[in-house]
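K.L.:
So here's upload-v2.pdb, just PDB, C-alpha atoms:
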```
ATOM      1  CA  MET T 237     -31.194 -10.814  -2.246
ATOM      2  CA  GLU T 238     -29.422 -10.196  -5.539
ATOM      3  CA  HIS T 239     -25.716  -9.498  -5.478
ATOM      4  CA  ILE T 240     -24.165  -6.384  -6.967
ATOM      5  CA  VAL T 241     -22.714  -7.045 -10.418
ATOM      6  CA  TRP T 242     -19.455  -5.153 -11.010
ATOM      7  CA  ASP T 243     -18.854  -4.680 -14.726
ATOM      8  CA  PHE T 244     -16.692  -1.584 -14.675
ATOM      9  CA  ASN T 245     -14.718  -0.507 -17.745
ATOM     10  CA  PRO T 246     -11.067  -0.266 -16.578
ATOM     11  CA  ILE T 247     -10.317   2.285 -19.334
ATOM     12  CA  LEU T 248     -10.864   5.864 -18.191
ATOM     13  CA  VAL T 249     -10.308   7.497 -21.579
ATOM     14  CA  SER T 250      -8.969   6.492 -24.977
ATOM     15  CA  PHE T 251      -8.075   9.150 -27.523
ATOM     16  CA  MET T 252      -5.922   9.057 -30.657
ATOM     17  CA  GLY T 253      -4.209   5.849 -29.641
ATOM     18  CA  LEU T 254      -3.588   7.002 -26.061
ATOM     19  CA  THR T 255      -5.307   4.924 -23.402
ATOM     20  CA  VAL T 256      -5.548   5.969 -19.771
ATOM     21  CA  HIS T 257      -6.717   3.320 -17.312
ATOM     22  CA  TRP T 258      -8.537   3.953 -14.059
ATOM     23  CA  TYR T 259      -5.786   2.002 -12.312
ATOM     24  CA  GLY T 260      -3.113   4.422 -13.503
ATOM     25  CA  ALA T 261      -5.238   7.473 -12.670
ATOM     26  CA  LEU T 262      -6.007   6.244  -9.155
ATOM     27  CA  PHE T 263      -2.386   5.219  -8.597
ATOM     28  CA  ALA T 264      -1.305   8.748  -9.566
ATOM     29  CA  LEU T 265      -3.997  10.175  -7.261
ATOM     30  CA  ALA T 266      -2.671   7.947  -4.456
ATOM     31  CA  ILE T 267       0.836   9.374  -4.869
ATOM     32  CA  ALA T 268      -0.412  12.969  -5.157
ATOM     33  CA  THR T 269      -2.654  12.685  -2.088
ATOM     34  CA  GLY T 270       0.028  11.048   0.047
ATOM     35  CA  PHE T 271       2.507  13.715  -1.051
ATOM     36  CA  GLN T 272       0.111  16.536  -0.121
ATOM     37  CA  VAL T 273      -0.438  15.014   3.322
ATOM     38  CA  LEU T 274       3.332  14.853   3.835
ATOM     39  CA  LYS T 275       3.754  18.465   2.676
ATOM     40  CA  HIS T 276       1.015  19.525   5.085
ATOM     41  CA  MET T 277       2.856  17.970   8.023
ATOM     42  CA  PHE T 278       6.183  19.477   6.948
ATOM     43  CA  LYS T 279       4.611  22.944   6.724
ATOM     44  CA  LYS T 280       2.946  22.465  10.095
ATOM     45  CA  GLU T 281       6.331  21.682  11.666
ATOM     46  CA  GLY T 282       8.314  24.363   9.830
ATOM     47  CA  LEU T 283      10.398  21.885   7.831
ATOM     48  CA  ASP T 284      11.861  22.307   4.340
ATOM     49  CA  VAL T 285       8.909  21.569   2.052
ATOM     50  CA  GLU T 286      10.856  22.164  -1.172
ATOM     51  CA  SER T 287      13.189  19.259  -0.399
ATOM     52  CA  LEU T 288      10.198  16.933  -0.647
ATOM     53  CA  ASP T 289      10.189  17.302  -4.425
ATOM     54  CA  ASN T 290      13.374  15.225  -4.551
ATOM     55  CA  PHE T 291      11.894  12.682  -2.167
ATOM     56  CA  LEU T 292       8.818  12.330  -4.384
ATOM     57  CA  VAL T 293      11.020  11.237  -7.295
ATOM     58  CA  TYR T 294      12.986   8.787  -5.130
ATOM     59  CA  CYS T 295       9.784   7.417  -3.633
ATOM     60  CA  VAL T 296       7.971   6.807  -6.931
ATOM     61  CA  VAL T 297      10.992   4.926  -8.288
ATOM     62  CA  GLY T 298      11.393   2.973  -5.037
ATOM     63  CA  ILE T 299       7.709   1.976  -4.891
ATOM     64  CA  ILE T 300       7.497   0.780  -8.489
ATOM     65  CA  VAL T 301      10.842  -1.063  -8.534
ATOM     66  CA  GLY T 302      10.310  -2.590  -5.089
ATOM     67  CA  ALA T 303       6.720  -3.647  -5.791
ATOM     68  CA  ARG T 304       7.654  -5.222  -9.116
ATOM     69  CA  LEU T 305      10.648  -7.145  -7.811
ATOM     70  CA  ALA T 306       8.707  -8.418  -4.787
ATOM     71  CA  HIS T 307       5.909  -9.694  -7.026
ATOM     72  CA  CYS T 308       8.362 -11.495  -9.299
ATOM     73  CA  VAL T 309      10.394 -13.047  -6.480
ATOM     74  CA  PHE T 310       7.671 -13.949  -3.969
ATOM     75  CA  TYR T 311       4.559 -14.636  -6.053
ATOM     76  CA  ASP T 312       5.731 -16.219  -9.317
ATOM     77  CA  PRO T 313       9.504 -16.843  -9.115
ATOM     78  CA  GLY T 314       9.536 -19.812 -11.484
ATOM     79  CA  TYR T 315       8.054 -17.851 -14.378
ATOM     80  CA  TYR T 316      10.212 -14.755 -13.956
ATOM     81  CA  PHE T 317      13.466 -16.630 -13.375
ATOM     82  CA  ALA T 318      12.755 -18.500 -16.605
ATOM     83  CA  ASN T 319      11.778 -15.259 -18.395
ATOM     84  CA  PRO T 320      13.894 -12.510 -16.771
ATOM     85  CA  LEU T 321      13.031  -9.881 -19.408
ATOM     86  CA  LYS T 322       9.391 -10.176 -18.337
ATOM     87  CA  ILE T 323      10.379  -8.573 -15.022
ATOM     88  CA  LEU T 324      10.453  -5.292 -16.958
ATOM     89  CA  ALA T 325       6.934  -5.786 -18.351
ATOM     90  CA  ILE T 326       5.152  -3.814 -15.639
ATOM     91  CA  TRP T 327       2.287  -3.025 -18.036
ATOM     92  CA  GLU T 328       1.285  -6.691 -17.862
ATOM     93  CA  GLY T 329       0.471  -6.273 -14.163
ATOM     94  CA  GLY T 330       2.052  -7.558 -10.985
ATOM     95  CA  LEU T 331       2.995  -5.208  -8.138
ATOM     96  CA  ALA T 332       3.359  -6.406  -4.542
ATOM     97  CA  SER T 333       2.607  -3.843  -1.848
ATOM     98  CA  HIS T 334       5.162  -5.337   0.576
ATOM     99  CA  GLY T 335       7.959  -4.630  -1.892
ATOM    100  CA  GLY T 336       6.563  -1.191  -2.624
ATOM    101  CA  GLY T 337       6.719  -0.398   1.079
ATOM    102  CA  LEU T 338      10.341  -1.506   1.300
ATOM    103  CA  GLY T 339      11.150   0.572  -1.774
ATOM    104  CA  ALA T 340       9.610   3.646  -0.184
ATOM    105  CA  ILE T 341      11.619   3.068   3.012
ATOM    106  CA  LEU T 342      14.871   2.818   1.029
ATOM    107  CA  ALA T 343      13.954   6.032  -0.813
ATOM    108  CA  LEU T 344      13.326   7.719   2.527
ATOM    109  CA  TYR T 345      16.710   6.556   3.828
ATOM    110  CA  TYR T 346      18.422   8.112   0.806
ATOM    111  CA  TYR T 347      16.438  11.331   1.305
ATOM    112  CA  GLN T 348      17.184  11.386   5.044
ATOM    113  CA  ARG T 349      20.917  11.464   4.384
ATOM    114  CA  GLN T 350      20.402  14.717   2.496
ATOM    115  CA  VAL T 351      18.126  16.549   4.949
ATOM    116  CA  LYS T 352      19.767  15.242   8.157
ATOM    117  CA  LEU T 353      16.486  14.588   9.954
ATOM    118  CA  PRO T 354      16.051  11.526  12.207
ATOM    119  CA  PHE T 355      15.090   8.503  10.141
ATOM    120  CA  LEU T 356      12.345   7.316  12.506
ATOM    121  CA  PHE T 357      10.963  10.878  12.700
ATOM    122  CA  LEU T 358      10.523  10.796   8.918
ATOM    123  CA  LEU T 359       9.121   7.252   8.941
ATOM    124  CA  ASP T 360       6.382   8.329  11.352
ATOM    125  CA  ARG T 361       5.198  11.003   8.934
ATOM    126  CA  LEU T 362       5.596   8.799   5.871
ATOM    127  CA  ALA T 363       3.422   6.173   7.548
ATOM    128  CA  ILE T 364       0.458   8.551   7.690
ATOM    129  CA  SER T 365       0.841   9.393   4.003
ATOM    130  CA  THR T 366       1.235   5.731   3.093
ATOM    131  CA  ALA T 367      -2.074   4.791   4.717
ATOM    132  CA  ILE T 368      -4.063   7.141   2.464
ATOM    133  CA  PHE T 369      -1.930   5.984  -0.482
ATOM    134  CA  GLY T 370      -3.027   2.412   0.252
ATOM    135  CA  PHE T 371      -6.693   3.461   0.257
ATOM    136  CA  PHE T 372      -6.514   4.723  -3.324
ATOM    137  CA  VAL T 373      -4.403   1.817  -4.601
ATOM    138  CA  ARG T 374      -6.902  -0.757  -3.371
ATOM    139  CA  MET T 375      -9.709   1.255  -4.970
ATOM    140  CA  ALA T 376      -7.678   1.032  -8.185
ATOM    141  CA  ASN T 377      -7.540  -2.753  -7.758
ATOM    142  CA  PHE T 378     -11.317  -2.770  -7.322
ATOM    143  CA  ALA T 379     -11.776  -0.739 -10.518
ATOM    144  CA  ASN T 380      -9.550  -3.266 -12.287
ATOM    145  CA  SER T 381     -11.437  -6.308 -10.915
ATOM    146  CA  GLU T 382      -8.214  -7.730  -9.468
ATOM    147  CA  ILE T 383      -7.004  -9.054  -6.096
ATOM    148  CA  LEU T 384     -10.260 -10.944  -5.812
ATOM    149  CA  GLY T 385     -11.889 -12.424  -2.755
ATOM    150  CA  GLU T 386     -13.039 -16.011  -2.412
ATOM    151  CA  PRO T 387     -16.621 -16.900  -3.396
ATOM    152  CA  THR T 388     -19.155 -16.112  -0.658
ATOM    153  CA  THR T 389     -22.855 -16.463   0.118
ATOM    154  CA  GLN T 390     -22.866 -13.251   2.173
ATOM    155  CA  PRO T 391     -25.315 -10.600   0.907
ATOM    156  CA  TRP T 392     -22.515  -8.071   0.399
ATOM    157  CA  GLY T 393     -20.695 -10.361  -2.023
ATOM    158  CA  ILE T 394     -19.972  -8.792  -5.411
ATOM    159  CA  ILE T 395     -20.026 -10.483  -8.818
ATOM    160  CA  PHE T 396     -16.995  -9.380 -10.847
ATOM    161  CA  LYS T 397     -18.515  -9.948 -14.282
ATOM    162  CA  ARG T 398     -15.201  -9.550 -16.116
ATOM    163  CA  ILE T 399     -13.899 -12.583 -14.153
ATOM    164  CA  ASP T 400     -16.877 -14.906 -13.572
ATOM    165  CA  MET T 401     -20.435 -14.881 -12.244
ATOM    166  CA  LEU T 402     -19.636 -15.978  -8.689
ATOM    167  CA  PRO T 403     -20.405 -13.609  -5.789
ATOM    168  CA  ARG T 404     -17.106 -12.922  -4.058
ATOM    169  CA  HIS T 405     -15.782 -11.111  -1.019
ATOM    170  CA  PRO T 406     -14.867  -7.563  -2.137
ATOM    171  CA  ALA T 407     -11.433  -7.972  -0.555
ATOM    172  CA  GLN T 408     -10.155  -4.786  -2.226
ATOM    173  CA  LEU T 409     -12.905  -2.763  -0.517
ATOM    174  CA  TYR T 410     -12.184  -4.424   2.837
ATOM    175  CA  GLU T 411      -8.541  -3.359   2.583
ATOM    176  CA  SER T 412      -9.353   0.075   1.209
ATOM    177  CA  LEU T 413     -11.713   0.808   4.106
ATOM    178  CA  ALA T 414      -9.183  -0.534   6.610
ATOM    179  CA  TYR T 415      -6.453   1.769   5.246
ATOM    180  CA  LEU T 416      -8.783   4.776   5.292
ATOM    181  CA  LEU T 417      -9.645   4.147   8.945
ATOM    182  CA  ILE T 418      -5.958   3.638   9.763
ATOM    183  CA  PHE T 419      -5.114   6.944   8.049
ATOM    184  CA  ILE T 420      -7.769   8.780  10.086
ATOM    185  CA  GLY T 421      -6.526   7.159  13.291
ATOM    186  CA  LEU T 422      -2.853   7.887  12.613
ATOM    187  CA  TYR T 423      -3.505  11.506  11.692
ATOM    188  CA  ALA T 424      -5.572  11.951  14.859
ATOM    189  CA  ILE T 425      -2.683  10.478  16.889
ATOM    190  CA  TYR T 426      -0.265  12.847  15.156
ATOM    191  CA  LYS T 427      -2.453  15.902  15.692
ATOM    192  CA  TYR T 428      -3.882  15.340  19.159
ATOM    193  CA  THR T 429      -1.333  13.288  21.110
ATOM    194  CA  ASN T 430       2.339  13.488  22.028
ATOM    195  CA  MET T 431       3.101  10.150  20.343
ATOM    196  CA  LYS T 432       4.833  12.006  17.515
ATOM    197  CA  GLN T 433       7.525  12.962  20.034
ATOM    198  CA  LYS T 434       8.361   9.281  20.490
ATOM    199  CA  HIS T 435      10.254   8.577  17.266
ATOM    200  CA  GLY T 436       9.137   5.337  15.653
ATOM    201  CA  ALA T 437       5.910   5.002  17.623
ATOM    202  CA  ILE T 438       3.509   6.151  14.891
ATOM    203  CA  PHE T 439       5.318   3.992  12.346
ATOM    204  CA  GLY T 440       5.008   1.098  14.789
ATOM    205  CA  VAL T 441       1.245   1.628  15.093
ATOM    206  CA  PHE T 442       1.059   1.815  11.289
ATOM    207  CA  LEU T 443       2.868  -1.500  10.831
ATOM    208  CA  VAL T 444       0.842  -3.305  13.485
ATOM    209  CA  SER T 445      -2.531  -2.025  12.250
ATOM    210  CA  VAL T 446      -1.916  -2.334   8.502
ATOM    211  CA  PHE T 447      -0.404  -5.794   8.599
ATOM    212  CA  SER T 448      -2.887  -7.124  11.154
ATOM    213  CA  ALA T 449      -5.612  -6.036   8.721
ATOM    214  CA  ARG T 450      -3.683  -7.525   5.831
ATOM    215  CA  ILE T 451      -3.263 -10.895   7.550
ATOM    216  CA  ALA T 452      -6.986 -11.001   8.413
ATOM    217  CA  ILE T 453      -8.194  -9.992   4.928
ATOM    218  CA  GLU T 454      -5.788 -12.387   3.189
ATOM    219  CA  SER T 455      -7.907 -15.213   4.625
ATOM    220  CA  VAL T 456     -10.752 -14.322   2.234
ATOM    221  CA  LYS T 457      -8.577 -13.546  -0.811
ATOM    222  CA  VAL T 458      -7.920 -15.769  -3.779
ATOM    223  CA  SER T 459      -4.259 -16.802  -3.677
ATOM    224  CA  GLN T 460      -2.022 -14.626  -5.843
ATOM    225  CA  ALA T 461       0.938 -16.979  -5.693
ATOM    226  CA  ALA T 462       1.675 -19.258  -8.645
ATOM    227  CA  TYR T 463       2.681 -22.111  -6.333
ATOM    228  CA  HIS T 464       1.008 -24.177  -3.629
ATOM    229  CA  GLU T 465       0.705 -22.436  -0.268
ATOM    230  CA  SER T 466       0.401 -24.195   3.078
ATOM    231  CA  MET T 467      -0.925 -22.862   6.381
ATOM    232  CA  LEU T 468      -0.520 -19.168   5.532
ATOM    233  CA  SER T 469      -0.694 -17.396   2.183
ATOM    234  CA  ALA T 470       2.350 -15.686   0.687
ATOM    235  CA  GLY T 471       0.829 -12.334   1.631
ATOM    236  CA  GLN T 472       0.394 -13.439   5.247
ATOM    237  CA  TRP T 473       3.951 -14.770   5.509
ATOM    238  CA  LEU T 474       5.287 -11.507   4.080
ATOM    239  CA  SER T 475       3.155  -9.503   6.519
ATOM    240  CA  LEU T 476       4.448 -11.206   9.672
ATOM    241  CA  PRO T 477       7.937  -9.570   9.699
ATOM    242  CA  PHE T 478       6.369  -6.126   9.248
ATOM    243  CA  LEU T 479       3.901  -6.782  12.071
ATOM    244  CA  LEU T 480       6.652  -7.940  14.429
ATOM    245  CA  THR T 481       8.811  -4.942  13.474
ATOM    246  CA  GLY T 482       5.925  -2.674  14.446
ATOM    247  CA  VAL T 483       5.674  -4.286  17.869
ATOM    248  CA  VAL T 484       9.437  -3.894  18.400
ATOM    249  CA  LEU T 485       9.341  -0.214  17.376
ATOM    250  CA  LEU T 486       6.515   0.516  19.816
ATOM    251  CA  VAL T 487       8.337  -1.196  22.672
ATOM    252  CA  MET T 488      11.568   0.673  21.854
ATOM    253  CA  ALA T 489       9.819   4.036  21.518
ATOM    254  CA  TYR T 490       8.218   3.785  24.952
ATOM    255  CA  ARG T 491      11.264   2.292  26.670
ATOM    256  CA  LYS T 492      13.278   5.347  25.610
ATOM    257  CA  GLN T 493      10.782   7.557  27.384
ATOM    258  CA  SER T 494      10.758   5.563  30.630
TER     259      SER T 494
END
```
Show me the file's structure as structure tokens.

P.N.:
Amino acid sequence: MEHIVWDFNPILVSFMGLTVHWYGALFALAIATGFQVLKHMFKKEGLDVESLDNFLVYCVVGIIVGARLAHCVFYDPGYYFANPLKILAIWEGGLASHGGGLGAILALYYYQRQVKLPFLFLLDRLAISTAIFGFFVRMANFANSEILGEPTTQPWGIIFKRIDMLPRHPAQLYESLAYLLIFIGLYAIYKYTNMKQKHGAIFGVFLVSVFSARIAIESVKVSQAAYHESMLSAGQWLSLPFLLTGVVLLVMAYRKQS
């Protein structure tokens, strides 16, 4: 069986010196879709939808700054400490989703102080939006032929022609599908169960499911760190605290109800 050859042009459109990449378009779609999901839940619960416009600004800044700093510090610290101005060169690539998540949480904390809603209540709803956001971002990585999987002999391996001619695990698609399924599951929990009354529970499920998937899929990814890793990859080490936090939140949410 022949493997699929992925030779996708990462440029969506180029006109009069302006170039728009598929990555940027899908990243923008990820933010817009997640924002619409959040607005839908706010409307459903009779909350102030207009205040979300401010949160959108905070969140975009938090995601980009957090993702960039996490990449520089955890994946290639030697290079960026030696070339600190390169930290600002986001156009050269390098965003770490763990840092983006922390940035979004800090943005939510700042927003929460303005609207006076419970922080965990807001985190539960943000978690649902973040799952669909993750789906589109990993599709953007696939379009860009980045975050590659290890070589494989499995029939579903994909040859990323812009990189080499080796069939590889489509790790981006594995993650993208996982996040889509997590989004569907979390929204179903929100809509059809009383878990949303237990503040922190949905966010706990989000953390456990997303970072369990991340730890599993990291095992077939090419290392993104610029240094030698032992036992676990950098992505797996960074995922463990989030996973454990999810377990703690679930235990706390259900103990409060007992």

K.L.:
Apply the PyMOL selection byres ((chain T and resi 267) around 9) to the structure shown and report the selected residues as a ChimeraX atom specification.

P.N.:
/T:262-266,268-272,292,296,365-366,369,372

K.L.:
Any idea what's packed within 8 Å of Ile299 in chain T, counting all atoms listed in the file, ignoring anything in its chain fewer than 3 positions away? Could you give it as an mmCIF file with C-alpha atoms, in the coordinates of the input?

P.N.:
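File produced: out.cif:
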```
data_model
loop_
_atom_site.group_PDB
_atom_site.id
_atom_site.type_symbol
_atom_site.label_atom_id
_atom_site.label_comp_id
_atom_site.auth_asym_id
_atom_site.auth_seq_id
_atom_site.Cartn_x
_atom_site.Cartn_y
_atom_site.Cartn_z
ATOM 1 C CA CYS T 295 9.784 7.417 -3.633
ATOM 2 C CA VAL T 296 7.971 6.807 -6.931
ATOM 3 C CA GLY T 302 10.310 -2.590 -5.089
ATOM 4 C CA ALA T 303 6.720 -3.647 -5.791
ATOM 5 C CA GLY T 335 7.959 -4.630 -1.892
ATOM 6 C CA GLY T 336 6.563 -1.191 -2.624
ATOM 7 C CA GLY T 337 6.719 -0.398 1.079
ATOM 8 C CA LEU T 338 10.341 -1.506 1.300
ATOM 9 C CA GLY T 339 11.150 0.572 -1.774
ATOM 10 C CA ALA T 340 9.610 3.646 -0.184
#
```

K.L.:
Go through the shown structure with the PyMOL selection byres ((chain T and resi 377) around 10) and write out the matching residues as an MDAnalysis selection string.

P.N.:
chainID T and resid 246 258:259 262:263 372:376 378:384 407:409 412

K.L.:
Evaluate the PyMOL selection byres ((chain T and resi 396) around 9) against this structure - the residues, as a ChimeraX atom specification, please.

P.N.:
/T:240-244,381,384,394-395,397-404

K.L.:
Counting all atoms listed in the file, what is within 9 Å of Phe291 in chain T, bar same-chain residues fewer than 4 positions away, as a VMD selection string?

P.N.:
chain T and resid 287 295 to 296 343 to 344 346 to 347

K.L.:
Quote the spacing between CA of Ala306 in chain T and CA of Gly330 in chain T in Å to one decimal place.

P.N.:
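Between these atoms lies a distance of 9.1 Å.
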
K.L.:
Using only C-alpha atoms, can you tell me which of T:Met431, T:Leu359, T:Ile368, T:Leu353 comes closest to Asp284 in chain T?

P.N.:
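Of the candidates, the smallest distance to Asp284 in chain T is held by T:Leu353.
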
K.L.:
Applying 12 Å and all atoms listed in the file, which residues near Lys432 in chain T remain after dropping the ones on its own chain fewer than 6 positions away? List them as a list in words.

P.N.:
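Close residues of Lys432 in chain T: Met277, Glu281, Leu356, Phe357, Leu358, Leu359, Asp360, Arg361, Ala363, Ile364, Leu422, Tyr423, Ala424, Ile425, Tyr426, Ile438, Phe439, Gly440, Val441, Leu486, Ala489 and Tyr490 of chain T.
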
K.L.:
CA of Ala325 in chain T and CA of Ile247 in chain T are how many Å apart?

P.N.:
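Interatomic distance, CA of Ala325 in chain T to CA of Ile247 in chain T: 19.1 Å.
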
K.L.:
Using only C-alpha atoms, which residue out of T:Asn290, T:His239, T:Leu362, T:His257 lies closest to His276 in chain T?

P.N.:
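Smallest distance to His276 in chain T is found for T:Leu362.
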
K.L.:
If I take CA of Ser445 in chain T and CA of Ile418 in chain T, how far is one from the other in Å, to one decimal?

P.N.:
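So the answer is 7.1 Å.
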
K.L.:
So which one's closest to Leu485 in chain T, T:Tyr415, T:Phe442, T:Phe371, T:Tyr345? Using all atoms listed in the file, please.

P.N.:
T:Phe442
